[in-house]
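All remarks here apply to the structure that follows.
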Amino acid sequence: MTNKAEKVYAILDSTFPDAHCELVFRNNFELLCAVALSAQTTDKRVNMVTPILFSKYPDVKSLSEADVEDVEAIISPVGLYHHKAINLISMSKELCLYFNGVVPDKKSDLVKLSGVGNKTANVVMAEAFGIPAFAVDTHVSRVSKRLGFTKDIDDVSTVERKLCRAFKRDRWIRSHHLFIFFGRYICKAKSPDCNNCPLQAYCRMKKRP
Ligand code: SF4
């Protein structure tokens, strides 16, 4: 772990002692669905639709047999609902067919599921199984660039690789949560709260908004 990463981690750790995954779920399947639904929307919005979705389709089998239009109607507030509904149903079918209805704990298996990309797989590995992973979403990417852990031109996989190198493996999961909380509540995309930022000394933005 680099010296700078140690210091940034310590500051964020004391700023956000309660940093955690804000998606609401009761089991690994619900987590997988919630993370898949969270693409390009907020956790708050996902948490609005998942109780309705899971009360109607409480398990893998029932969701695998769901009618796509019905799922679309339930999840419409999260956006991209047509693709997300198709993917949720296909993913459930694949879980039944190839994994006995159980969410796998290997990244190579997770990314084979419909609608499951690298970020979703990382979140599921970390949250469901406690396997170290540094999931990179829009907050993690932005914050890592502003703090100079990565470059503006770096793509998501480069950001993930650089962060995994900068932070100790056993801190990847917690660092991911800390970066998200920092990005969500202080270093916001459009109007970062620079006056109250505990990481000003590490910020590389020349002119703070
Ligand atoms: S000073 Fe502003 S832009 Fe820089 S890290 Fe802090 S909140 Fe983000």
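As shown in the structure tokens, the chain order sets the letters A, B, ...; within each chain, residues go from 1, and ligands are also counted from 1 in the order they appear.
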- [ ] Please check which protein, DNA or RNA residues sit within 10 Å of ligand 1, counting only C-alpha atoms and all ligand atoms, and write them as an MDAnalysis selection string.
- [x] chainID A and resid 142:148 182:183 185:209
Near Gly117 of chain A, within 12 Å and counting only C-alpha atoms, which residues show up once chain neighbours fewer than 2 positions away are dropped, as a PDB file with N, CA and C atoms, in the first residue's frame?
ATOM      1  N   LEU A  32     -27.465  -9.760  -6.244  1.00  0.00           N
ATOM      2  CA  LEU A  32     -27.092  -9.812  -7.660  1.00  0.00           C
ATOM      3  C   LEU A  32     -28.079  -9.008  -8.510  1.00  0.00           C
ATOM      4  N   VAL A  35     -27.664  -5.177  -7.793  1.00  0.00           N
ATOM      5  CA  VAL A  35     -26.463  -4.576  -8.400  1.00  0.00           C
ATOM      6  C   VAL A  35     -26.667  -4.453  -9.918  1.00  0.00           C
ATOM      7  N   ALA A  36     -27.261  -5.483 -10.523  1.00  0.00           N
ATOM      8  CA  ALA A  36     -27.519  -5.423 -11.968  1.00  0.00           C
ATOM      9  C   ALA A  36     -28.464  -4.256 -12.290  1.00  0.00           C
ATOM     10  N   LEU A  37     -29.428  -4.021 -11.400  1.00  0.00           N
ATOM     11  CA  LEU A  37     -30.377  -2.923 -11.631  1.00  0.00           C
ATOM     12  C   LEU A  37     -29.750  -1.553 -11.407  1.00  0.00           C
ATOM     13  N   ALA A  39     -27.084  -0.180 -12.509  1.00  0.00           N
ATOM     14  CA  ALA A  39     -26.332   0.459 -13.594  1.00  0.00           C
ATOM     15  C   ALA A  39     -27.008   1.763 -14.012  1.00  0.00           C
ATOM     16  N   ASN A  87     -32.535  -9.011 -19.054  1.00  0.00           N
ATOM     17  CA  ASN A  87     -31.343  -9.590 -18.431  1.00  0.00           C
ATOM     18  C   ASN A  87     -31.652 -10.279 -17.107  1.00  0.00           C
ATOM     19  N   MET A  91     -30.792 -14.049 -16.712  1.00  0.00           N
ATOM     20  CA  MET A  91     -29.823 -14.380 -15.657  1.00  0.00           C
ATOM     21  C   MET A  91     -30.412 -15.436 -14.707  1.00  0.00           C
ATOM     22  N   LYS A 107     -15.577 -15.107 -10.189  1.00  0.00           N
ATOM     23  CA  LYS A 107     -15.786 -14.031 -11.156  1.00  0.00           C
ATOM     24  C   LYS A 107     -16.012 -14.598 -12.565  1.00  0.00           C
ATOM     25  N   SER A 108     -15.234 -15.628 -12.908  1.00  0.00           N
ATOM     26  CA  SER A 108     -15.343 -16.191 -14.255  1.00  0.00           C
ATOM     27  C   SER A 108     -16.742 -16.760 -14.506  1.00  0.00           C
ATOM     28  N   ASP A 109     -17.426 -17.224 -13.449  1.00  0.00           N
ATOM     29  CA  ASP A 109     -18.806 -17.708 -13.597  1.00  0.00           C
ATOM     30  C   ASP A 109     -19.791 -16.536 -13.601  1.00  0.00           C
ATOM     31  N   LEU A 110     -19.574 -15.605 -12.708  1.00  0.00           N
ATOM     32  CA  LEU A 110     -20.512 -14.478 -12.599  1.00  0.00           C
ATOM     33  C   LEU A 110     -20.620 -13.702 -13.911  1.00  0.00           C
ATOM     34  N   VAL A 111     -19.474 -13.440 -14.547  1.00  0.00           N
ATOM     35  CA  VAL A 111     -19.520 -12.607 -15.757  1.00  0.00           C
ATOM     36  C   VAL A 111     -20.130 -13.340 -16.956  1.00  0.00           C
ATOM     37  N   LYS A 112     -20.398 -14.643 -16.799  1.00  0.00           N
ATOM     38  CA  LYS A 112     -21.077 -15.367 -17.876  1.00  0.00           C
ATOM     39  C   LYS A 112     -22.582 -15.113 -17.845  1.00  0.00           C
ATOM     40  N   LEU A 113     -23.073 -14.620 -16.707  1.00  0.00           N
ATOM     41  CA  LEU A 113     -24.518 -14.407 -16.571  1.00  0.00           C
ATOM     42  C   LEU A 113     -24.962 -13.163 -17.344  1.00  0.00           C
ATOM     43  N   SER A 114     -26.152 -13.224 -17.893  1.00  0.00           N
ATOM     44  CA  SER A 114     -26.673 -12.090 -18.667  1.00  0.00           C
ATOM     45  C   SER A 114     -26.720 -10.825 -17.818  1.00  0.00           C
ATOM     46  N   GLY A 115     -26.206  -9.754 -18.373  1.00  0.00           N
ATOM     47  CA  GLY A 115     -26.271  -8.457 -17.702  1.00  0.00           C
ATOM     48  C   GLY A 115     -25.251  -8.281 -16.596  1.00  0.00           C
ATOM     49  N   LYS A 119     -17.941  -4.985 -13.043  1.00  0.00           N
ATOM     50  CA  LYS A 119     -18.254  -4.244 -11.814  1.00  0.00           C
ATOM     51  C   LYS A 119     -19.280  -4.995 -10.968  1.00  0.00           C
ATOM     52  N   THR A 120     -20.325  -5.471 -11.612  1.00  0.00           N
ATOM     53  CA  THR A 120     -21.352  -6.217 -10.863  1.00  0.00           C
ATOM     54  C   THR A 120     -20.731  -7.452 -10.212  1.00  0.00           C
ATOM     55  N   ALA A 121     -19.894  -8.163 -10.956  1.00  0.00           N
ATOM     56  CA  ALA A 121     -19.252  -9.361 -10.410  1.00  0.00           C
ATOM     57  C   ALA A 121     -18.388  -9.001  -9.196  1.00  0.00           C
ATOM     58  N   ASN A 122     -17.647  -7.906  -9.287  1.00  0.00           N
ATOM     59  CA  ASN A 122     -16.801  -7.482  -8.162  1.00  0.00           C
ATOM     60  C   ASN A 122     -17.636  -7.157  -6.927  1.00  0.00           C
ATOM     61  N   VAL A 123     -18.739  -6.441  -7.128  1.00  0.00           N
ATOM     62  CA  VAL A 123     -19.582  -6.084  -5.976  1.00  0.00           C
ATOM     63  C   VAL A 123     -20.155  -7.355  -5.339  1.00  0.00           C
ATOM     64  N   VAL A 124     -20.631  -8.271  -6.163  1.00  0.00           N
ATOM     65  CA  VAL A 124     -21.225  -9.505  -5.617  1.00  0.00           C
ATOM     66  C   VAL A 124     -20.166 -10.332  -4.884  1.00  0.00           C
ATOM     67  N   ALA A 135     -14.480  -2.793  -6.801  1.00  0.00           N
ATOM     68  CA  ALA A 135     -15.438  -2.459  -7.857  1.00  0.00           C
ATOM     69  C   ALA A 135     -15.331  -0.976  -8.198  1.00  0.00           C
ATOM     70  N   VAL A 136     -15.292  -0.697  -9.494  1.00  0.00           N
ATOM     71  CA  VAL A 136     -15.136   0.699  -9.936  1.00  0.00           C
ATOM     72  C   VAL A 136     -16.436   1.182 -10.570  1.00  0.00           C
ATOM     73  N   ASP A 137     -17.122   2.064  -9.865  1.00  0.00           N
ATOM     74  CA  ASP A 137     -18.304   2.702 -10.443  1.00  0.00           C
ATOM     75  C   ASP A 137     -17.954   4.159 -10.742  1.00  0.00           C
ATOM     76  N   VAL A 156     -11.991   2.126 -17.182  1.00  0.00           N
ATOM     77  CA  VAL A 156     -12.409   1.489 -15.928  1.00  0.00           C
ATOM     78  C   VAL A 156     -11.460   0.369 -15.499  1.00  0.00           C
ATOM     79  N   SER A 157     -11.026  -0.444 -16.456  1.00  0.00           N
ATOM     80  CA  SER A 157     -10.164  -1.568 -16.049  1.00  0.00           C
ATOM     81  C   SER A 157      -8.788  -1.074 -15.601  1.00  0.00           C
TER      82      SER A 157
END
Open item on the list: With only C-alpha atoms as the counted atoms, please give the residues lying no more than 12 Å from Arg165 of chain A, apart from itself and same-chain residues fewer than 6 positions off, as a PyMOL selection string.
Closed with: chain A and resi 1-2+5+133-134+149-150+158-159+171-172
Could you take the residues named above and write them with N, CA, C and O atoms, as an mmCIF file, in the first residue's frame?
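Below you can see result-v6.cif, which holds the result:
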data_model
loop_
_atom_site.group_PDB
_atom_site.id
_atom_site.type_symbol
_atom_site.label_atom_id
_atom_site.label_comp_id
_atom_site.auth_asym_id
_atom_site.auth_seq_id
_atom_site.Cartn_x
_atom_site.Cartn_y
_atom_site.Cartn_z
ATOM 1 N N MET A 1 0.861 -1.191 0.000
ATOM 2 C CA MET A 1 0.000 0.000 0.000
ATOM 3 C C MET A 1 0.893 1.236 0.000
ATOM 4 O O MET A 1 1.815 1.343 0.814
ATOM 5 N N THR A 2 0.624 2.152 -0.908
ATOM 6 C CA THR A 2 1.468 3.343 -0.973
ATOM 7 C C THR A 2 1.201 4.231 0.253
ATOM 8 O O THR A 2 0.144 4.147 0.878
ATOM 9 N N ALA A 5 -1.876 6.240 -0.225
ATOM 10 C CA ALA A 5 -3.081 5.425 -0.058
ATOM 11 C C ALA A 5 -3.358 5.183 1.426
ATOM 12 O O ALA A 5 -4.514 5.241 1.864
ATOM 13 N N ALA A 133 -12.251 -7.434 -3.712
ATOM 14 C CA ALA A 133 -12.432 -6.921 -5.076
ATOM 15 C C ALA A 133 -12.597 -5.413 -4.953
ATOM 16 O O ALA A 133 -13.089 -4.926 -3.934
ATOM 17 N N PHE A 134 -12.149 -4.676 -5.950
ATOM 18 C CA PHE A 134 -12.266 -3.214 -5.927
ATOM 19 C C PHE A 134 -13.189 -2.823 -7.075
ATOM 20 O O PHE A 134 -12.740 -2.599 -8.195
ATOM 21 N N PHE A 149 -4.855 9.071 -8.016
ATOM 22 C CA PHE A 149 -4.469 7.653 -8.040
ATOM 23 C C PHE A 149 -4.477 7.132 -9.471
ATOM 24 O O PHE A 149 -3.837 6.138 -9.788
ATOM 25 N N THR A 150 -5.239 7.816 -10.322
ATOM 26 C CA THR A 150 -5.343 7.404 -11.720
ATOM 27 C C THR A 150 -5.341 8.663 -12.598
ATOM 28 O O THR A 150 -5.449 9.784 -12.090
ATOM 29 N N THR A 158 -8.314 0.016 -16.200
ATOM 30 C CA THR A 158 -7.032 0.586 -15.754
ATOM 31 C C THR A 158 -7.188 1.173 -14.358
ATOM 32 O O THR A 158 -6.306 1.017 -13.500
ATOM 33 N N VAL A 159 -8.310 1.852 -14.120
ATOM 34 C CA VAL A 159 -8.565 2.410 -12.784
ATOM 35 C C VAL A 159 -8.564 1.284 -11.757
ATOM 36 O O VAL A 159 -7.915 1.375 -10.703
ATOM 37 N N ARG A 171 -7.874 -4.405 2.030
ATOM 38 C CA ARG A 171 -8.600 -3.137 2.200
ATOM 39 C C ARG A 171 -9.417 -2.771 0.959
ATOM 40 O O ARG A 171 -10.030 -1.712 0.921
ATOM 41 N N TRP A 172 -9.405 -3.618 -0.038
ATOM 42 C CA TRP A 172 -10.101 -3.272 -1.284
ATOM 43 C C TRP A 172 -11.596 -3.049 -1.053
ATOM 44 O O TRP A 172 -12.173 -2.075 -1.557
#
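Our summary of the geometry notes that atom CA of Val60 of chain A is positioned 9.4 Å from atom CA of Val103 of chain A.
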- [ ] Using backbone DSSP assignments, extract all helix (DSSP H, G or I) residues from segment 2-194 of chain A; output them as number ranges by chain.
- [x] A: 3-15, 28-37, 43-56, 60-64, 68-78, 81-99, 107-110, 118-129, 138-146, 156-166, 169-185, 194
